[in-house]
Amino acid sequence: MAKNTSLYFRIVEGRNLPAKDVSGTSDPYCIVKVDNEVVARTATVWKNLNPFWGEEYTLHLPMGFHSLSFLVMDEDTIGHDDVIGKITLSKEAIGSQAKGLDSWMNLTRVDPDEEVQGEIHLRLELLKDTMKRSLRCQVIEARDLAPRDISGTSDPFGRIIFNNHSAETSIIKKTRFPHWGETLELELKAEDLREEGTVIVEVWDWDMVGKNDFLGKVEIPFASLHKTPVLEGWFRLLPLGNNGADAGGKLGALRLKVRLVEDQILPSTYYQPLIELLVESVEDSSALTMLEEVTTVESRQDVAMTLVKIYLGQGLVVPFLDYLNTREVNHTTDPNTLFRSNSLASKAMEQFMKAVGMLYLHEVLKPIINRIFDERKYIELDPCKIDLNCTRRISFKSSLSEAEVRDYSVEMLQTYLTSIIESIVSSVDQCPSVMRVAFKQLHKRVEEQFTEPENEDVKYLAISGFFFLRFFAPAILTPKLFQLRDQHADTRTSRTLLLLAKALQSVGNLGLQLGHGKEQWMSPLHPIILRSVASVKDFLDKLIDVDQDIVSSVPQRAVFMPSVTVKEGYLHKHKAEGPQLLSRFAFKKRYFWLTSETLSYAKTSDWQVRSSVPIQRVCAVERVDENAFQQQNVMQVITQDNDGKLNTMYIQCKNVNELNQWLSAIRKVSIYNERMLPSFHPGVHRSGKWTCCLQADRAVSGCSRTHSAVTLGDWSDPLDPDVETQIIYKQLLQGRDKLRKKYLEMEDADPTSSIQEKRISPDIHPDGAECNAPPTRPGQSVAARLLVVIEDLEQAHATFQLREMEDATRVILNP
């Protein structure tokens with residue numbers, strides 16, 4: 001049974017941060033670490049002690065994690081950035097809150113002795129011969145130790161301590177992956193053999209000057225060695241345990257939202273009955289109706305996205321959306337309220353557009369968004385908000401009047417809005433076919449429901465409401481959340497984007513509500529909005545003029561086609577050929593393209609000759625230690641040729657967020673590769689040895705574990721029907737009593753139609769063998785079948801968990 005762990009966190013804002021600069025303010029940003037590995041960095045909020053970030057992330061961590069840390073830093077133009085404070089949350093603390101954490105938390109001071117990471121490989125043996133009593137400890141190796149020296153490495157040595165006895169290994173210099181292979185032995189007296197006490201193995205960084213730095217420790221109860229005379233394995237290094245106080249709020253606080261979702265994923269065969277019920281629902285809608293009834297407001301968006309992915313994978317997303325939309329349209333009497341609520345239909349359409357249309361949105365909007373960010377114009381229409389002190393960039397003359405600022409703002413907004421509308425209405429051929437077919441079906445249902453002449457525009461408004469108001473306008477308002485930009489907009493640019501988003505919403509409403517709102521100062525844009533209505537209607541007509549058979553009904557694994565570029569941009573590739581160069585000259589700027597089939601690069605984006613790496617040959621995508629090239633944000637793509645030879649491409653990104661995005665994107669497109677490596681070298685082989693573990697053999701196995709399935713959660717997540725069906729099962733499980741009460745009250749009274757008699761899968765096979773379900777009885781209701789499926793999945797989970805507990809007990813008793 002596989003394990004699926006997803007971590008959702010949102011860094012909302014900070015308050016009362018201490019001033020670190022001479023100006024009496026700070027320039028704060030946050031670094032997010034999972035088990036001491038940096039996974040995200042927020043934007044810097046300049047000169048602000050109460051910063052707002054509003055940045056959110058999703059991490060998929062199949063191997064689990066131990067802790068999540070948020071470090072607040074003060075960015076300095078010269079010298080090292082200052083540490084303001086830190087918040088660390090254990091996995092247990094996050095998981096104990098079913099609905100997640102959402103609160104203000106005080107920052108604590110950063111204690112170097114608590115900043116530990118990595119694991120150590122030990123073999124402990126208790127010898128009780130008649131002639132000799134001793135504790136033998138083989139200190140074999142360690143990996144991923146914390147860097148304590150300025151070179152980005154450490155000089156580690158190990159120490160074993162028990163009662164008043166201790167012994168130390170040799171010092172291995174300049175490595176975070178030491179191989180000791182040494183045996184330490186402590187001679188014990190008779191009184192030492194009592195079961196009380198703890199064996200402690202510590203790892204330290206040796207320093208020639210000053211005191212040694214603590215790297216972590218392992219504590220093993222001596223009693224366990226009496227039960228298991230030989231104990232061997234990898235042990236996680238722990239901090240000293242000096243948990244810092246929160247400094248009474250003197251370091252400020254962060255408002256965080258954190259939620260942990262952990263699921264045990266059963267073999268695919270167990271989910272097949274539920275998949276079949278959902279597929280049948282496209283025709284009879286029964287199971288979907290029941291699911292919608294037990295979906296809470298809080299979980300509606302997650303359920304909508306999950307269903308979209310399930311039906312995408314089954315090649316049935318258009319019929320699924322058609323069912324939801326038809327149901328919504330038929331239950332709406334006032335066309336002005338159509339799709340205005342956050343119903344499952346609205347959420348599903350919204351998530352569907354993000355899943356299949358994100359690359360299309362990037363193609364349409366990214367050039368214009370980049371231009372707005374680059375120009376950074378001061379634009380304002382609201383007389384109450386015009387600041388004449390901000391107009392210097394408009395004119396080098398004396399300060400402009402409010403009227404002049406307003407005229408200039410209208411001119412710039414008209415220019416930007418025209419570019420946006422023209423880019424959208426000319427993008428019919430770029431829009432994914434499946435989106436066009438879904439909109440065609442929606443247009444048909446609305447037209448059939450609202451036939452009155454006065455409702456002629458409703459069929460357009462239904463589509464434009466999703467297309468403009470729920471897709472393009474939000475992307476313009478917050479480009480970072482749609483991955484159009486790496487950073488949030490500053491205050492000036494953010495205001496420009498807000499005004500443009502408002503105007504585009506009016507365009508999506510076909511100008512029908514102009515002049516009725518409170519913001520009459522937007523009226524200078526009304527003429528251009530009204531002029532665009534005709535072209536928008538023409539665009540929508542062309543958008544739905546598509547052959548419905550163009551959409552494939554074949555199940556798929558990804559939300560994008562193989563030839564579609566998933567990610568692209570300039571990176572720096574290491575020049576591996578020729579003589580060794582200084583690090584600053586060894587990386588050359590290249591333009592990279594990533595599809596689900598190839599990773600290719602060239603000198604520029606319009607260069608005709610490209611070099612390509614087939615994705616099917618990728619066997620690892622990992623970070624590179626800073627000390628390998630004395631450069632930050634370097635990753636490696638390891639491939640294997642037909643002869644089994646490994647080749648490594650080193651690529652440098654401009655910042656940690658870009659690094660994580662590329663790592664995640666390449667891992668996602670290669671997630672189904674069969675020859676993925678279990679380990680890798682985070683260093684490089686130079687001067688006859690690996691810089692990470694100091695091993696001489698270039699072909700030696702890697703010294704650190706790979707993280708092939710650790711990815712950022714976003715629209716490009718690969719389709720995984722088992723994980724998606726597990727989410728739907730959990731939602732149904734929570735609403736089982738409600739379904740049973742509503743649908744089976746009459747059937748429960750009939751002894752001939754009990755649930756037990758209607759079982760679909762009576763045999764549970766813990767080994768994952770395929771179950772052959774008996775045929776469904778003709779009179780069996782969908783509700784009964786659905787409840788049986790829920791019960792079978794619940795029983796399967798219980799069976800697998802029991803087996804896991806038995807296996808764990810067996811390992812402890814028989815290591």
# chains A, B, ... in the order shown; residues from 1 in each chain; ligands from 1

$ select_by_dssp --residues "stretch 234-408 of chain A" --states "helix (DSSP H, G or I)" --output "PDB file with C-alpha atoms, in the first residue's frame"
ATOM      1  CA  ALA A 247      10.945  35.678  23.026  1.00  0.00           C
ATOM      2  CA  GLY A 248       7.627  37.018  24.279  1.00  0.00           C
ATOM      3  CA  GLY A 249       6.708  38.271  20.833  1.00  0.00           C
ATOM      4  CA  SER A 268      -5.725   0.090  -8.212  1.00  0.00           C
ATOM      5  CA  THR A 269      -8.117  -2.881  -8.268  1.00  0.00           C
ATOM      6  CA  TYR A 270      -9.815  -1.734  -5.070  1.00  0.00           C
ATOM      7  CA  TYR A 271     -10.784   1.614  -6.578  1.00  0.00           C
ATOM      8  CA  GLN A 272     -12.192   0.164  -9.785  1.00  0.00           C
ATOM      9  CA  PRO A 273     -15.805  -0.258  -8.516  1.00  0.00           C
ATOM     10  CA  LEU A 274     -15.923   3.408  -7.464  1.00  0.00           C
ATOM     11  CA  ILE A 275     -14.409   4.502 -10.776  1.00  0.00           C
ATOM     12  CA  GLU A 276     -17.070   2.457 -12.582  1.00  0.00           C
ATOM     13  CA  LEU A 277     -19.849   4.135 -10.591  1.00  0.00           C
ATOM     14  CA  LEU A 278     -18.462   7.580 -11.415  1.00  0.00           C
ATOM     15  CA  VAL A 279     -18.169   6.680 -15.092  1.00  0.00           C
ATOM     16  CA  GLU A 280     -21.771   5.433 -15.114  1.00  0.00           C
ATOM     17  CA  SER A 281     -22.823   8.728 -13.506  1.00  0.00           C
ATOM     18  CA  VAL A 282     -22.064  10.529 -16.755  1.00  0.00           C
ATOM     19  CA  GLU A 283     -25.151   8.735 -18.106  1.00  0.00           C
ATOM     20  CA  ASP A 284     -27.470   8.493 -15.078  1.00  0.00           C
ATOM     21  CA  SER A 286     -26.928   9.219  -9.578  1.00  0.00           C
ATOM     22  CA  ALA A 287     -23.542   8.753  -7.882  1.00  0.00           C
ATOM     23  CA  LEU A 288     -22.449  12.302  -8.747  1.00  0.00           C
ATOM     24  CA  THR A 289     -25.665  13.676  -7.276  1.00  0.00           C
ATOM     25  CA  MET A 290     -25.022  11.813  -4.008  1.00  0.00           C
ATOM     26  CA  LEU A 291     -21.415  13.003  -3.926  1.00  0.00           C
ATOM     27  CA  GLU A 292     -22.522  16.595  -4.402  1.00  0.00           C
ATOM     28  CA  GLU A 293     -24.969  16.229  -1.504  1.00  0.00           C
ATOM     29  CA  VAL A 294     -22.240  15.218   0.956  1.00  0.00           C
ATOM     30  CA  ARG A 300     -15.954  21.719  -2.665  1.00  0.00           C
ATOM     31  CA  GLN A 301     -12.932  23.091  -4.523  1.00  0.00           C
ATOM     32  CA  ASP A 302     -10.773  20.038  -3.752  1.00  0.00           C
ATOM     33  CA  VAL A 303     -13.581  17.686  -4.787  1.00  0.00           C
ATOM     34  CA  ALA A 304     -14.158  19.654  -7.996  1.00  0.00           C
ATOM     35  CA  MET A 305     -10.482  19.514  -8.966  1.00  0.00           C
ATOM     36  CA  THR A 306     -10.298  15.812  -8.118  1.00  0.00           C
ATOM     37  CA  LEU A 307     -13.357  14.985 -10.215  1.00  0.00           C
ATOM     38  CA  VAL A 308     -11.999  16.998 -13.138  1.00  0.00           C
ATOM     39  CA  LYS A 309      -8.795  14.948 -13.004  1.00  0.00           C
ATOM     40  CA  ILE A 310     -10.644  11.642 -12.722  1.00  0.00           C
ATOM     41  CA  TYR A 311     -12.791  12.384 -15.757  1.00  0.00           C
ATOM     42  CA  LEU A 312      -9.830  13.784 -17.685  1.00  0.00           C
ATOM     43  CA  GLY A 313      -8.066  10.489 -17.053  1.00  0.00           C
ATOM     44  CA  GLN A 314     -11.129   8.576 -18.246  1.00  0.00           C
ATOM     45  CA  VAL A 317     -14.429  15.355 -18.788  1.00  0.00           C
ATOM     46  CA  VAL A 318     -16.792  16.982 -21.313  1.00  0.00           C
ATOM     47  CA  PRO A 319     -19.797  14.734 -20.444  1.00  0.00           C
ATOM     48  CA  PHE A 320     -19.014  15.239 -16.747  1.00  0.00           C
ATOM     49  CA  LEU A 321     -19.048  19.024 -17.045  1.00  0.00           C
ATOM     50  CA  ASP A 322     -22.115  18.847 -19.255  1.00  0.00           C
ATOM     51  CA  TYR A 323     -23.982  16.951 -16.528  1.00  0.00           C
ATOM     52  CA  LEU A 324     -23.049  19.502 -13.833  1.00  0.00           C
ATOM     53  CA  ASN A 325     -23.779  22.496 -16.058  1.00  0.00           C
ATOM     54  CA  THR A 326     -27.104  21.098 -17.279  1.00  0.00           C
ATOM     55  CA  ARG A 327     -28.175  20.488 -13.693  1.00  0.00           C
ATOM     56  CA  GLU A 328     -27.186  24.028 -12.720  1.00  0.00           C
ATOM     57  CA  VAL A 329     -28.903  25.605 -15.729  1.00  0.00           C
ATOM     58  CA  ASN A 330     -32.128  23.641 -15.240  1.00  0.00           C
ATOM     59  CA  PRO A 335     -30.560  34.163 -15.698  1.00  0.00           C
ATOM     60  CA  ASN A 336     -28.856  36.963 -13.758  1.00  0.00           C
ATOM     61  CA  THR A 337     -27.899  34.434 -11.050  1.00  0.00           C
ATOM     62  CA  LEU A 344     -19.848  22.248  -7.657  1.00  0.00           C
ATOM     63  CA  ALA A 345     -20.536  23.115 -11.317  1.00  0.00           C
ATOM     64  CA  SER A 346     -18.901  26.553 -10.991  1.00  0.00           C
ATOM     65  CA  LYS A 347     -15.911  25.158  -9.109  1.00  0.00           C
ATOM     66  CA  ALA A 348     -15.501  22.278 -11.561  1.00  0.00           C
ATOM     67  CA  MET A 349     -15.475  24.604 -14.579  1.00  0.00           C
ATOM     68  CA  GLU A 350     -13.019  26.896 -12.823  1.00  0.00           C
ATOM     69  CA  GLN A 351     -10.641  24.045 -11.960  1.00  0.00           C
ATOM     70  CA  PHE A 352     -11.091  22.528 -15.437  1.00  0.00           C
ATOM     71  CA  MET A 353      -9.898  25.752 -17.095  1.00  0.00           C
ATOM     72  CA  LYS A 354      -6.833  25.839 -14.839  1.00  0.00           C
ATOM     73  CA  ALA A 355      -6.057  22.183 -15.498  1.00  0.00           C
ATOM     74  CA  VAL A 356      -6.221  22.260 -19.292  1.00  0.00           C
ATOM     75  CA  GLY A 357      -5.876  25.947 -20.135  1.00  0.00           C
ATOM     76  CA  MET A 358      -2.946  27.256 -18.111  1.00  0.00           C
ATOM     77  CA  LEU A 359      -0.422  27.047 -20.945  1.00  0.00           C
ATOM     78  CA  TYR A 360      -2.945  28.750 -23.224  1.00  0.00           C
ATOM     79  CA  LEU A 361      -3.423  31.534 -20.661  1.00  0.00           C
ATOM     80  CA  HIS A 362       0.360  31.998 -20.444  1.00  0.00           C
ATOM     81  CA  GLU A 363       0.619  32.273 -24.220  1.00  0.00           C
ATOM     82  CA  VAL A 364      -2.106  34.929 -24.349  1.00  0.00           C
ATOM     83  CA  LEU A 365      -1.275  37.048 -21.293  1.00  0.00           C
ATOM     84  CA  LYS A 366       2.398  36.669 -20.438  1.00  0.00           C
ATOM     85  CA  PRO A 367       3.844  39.226 -22.938  1.00  0.00           C
ATOM     86  CA  ILE A 368       1.395  41.907 -21.780  1.00  0.00           C
ATOM     87  CA  ILE A 369       1.870  41.136 -18.072  1.00  0.00           C
ATOM     88  CA  ASN A 370       5.650  41.290 -18.482  1.00  0.00           C
ATOM     89  CA  ARG A 371       5.313  44.656 -20.210  1.00  0.00           C
ATOM     90  CA  ILE A 372       3.192  46.069 -17.367  1.00  0.00           C
ATOM     91  CA  PHE A 373       5.714  44.860 -14.776  1.00  0.00           C
ATOM     92  CA  ASP A 374       8.663  46.250 -16.761  1.00  0.00           C
ATOM     93  CA  GLU A 375       7.120  49.678 -17.384  1.00  0.00           C
ATOM     94  CA  LEU A 388       0.767  63.844  -7.015  1.00  0.00           C
ATOM     95  CA  ASN A 389       4.077  62.953  -5.346  1.00  0.00           C
ATOM     96  CA  CYS A 390       4.166  59.738  -7.380  1.00  0.00           C
ATOM     97  CA  GLU A 402      -5.002  65.609 -10.981  1.00  0.00           C
ATOM     98  CA  ALA A 403      -6.668  66.010 -14.369  1.00  0.00           C
ATOM     99  CA  GLU A 404      -3.373  65.414 -16.190  1.00  0.00           C
ATOM    100  CA  VAL A 405      -2.646  62.317 -14.090  1.00  0.00           C
ATOM    101  CA  ARG A 406      -6.133  61.025 -14.800  1.00  0.00           C
ATOM    102  CA  ASP A 407      -5.836  61.650 -18.576  1.00  0.00           C
ATOM    103  CA  TYR A 408      -2.475  59.907 -18.675  1.00  0.00           C
TER     104      TYR A 408
END

$ residues_around --residues "A:Asp263" --least-positions-apart "3" --cutoff "8 Å" --atoms "only C-alpha atoms" --output "PyMOL selection string"
chain A and resi 3-5+726

$ atom_distance --atom1 "atom CA of A:Glu380" --atom2 "atom CA of A:Arg495"
7.6 Å

$ select_by_dssp --residues "stretch 390-630 of chain A" --states "strand (DSSP E or B)" --output "number ranges by chain"
A: 567-574, 587-594, 598-602, 611-614, 618-623
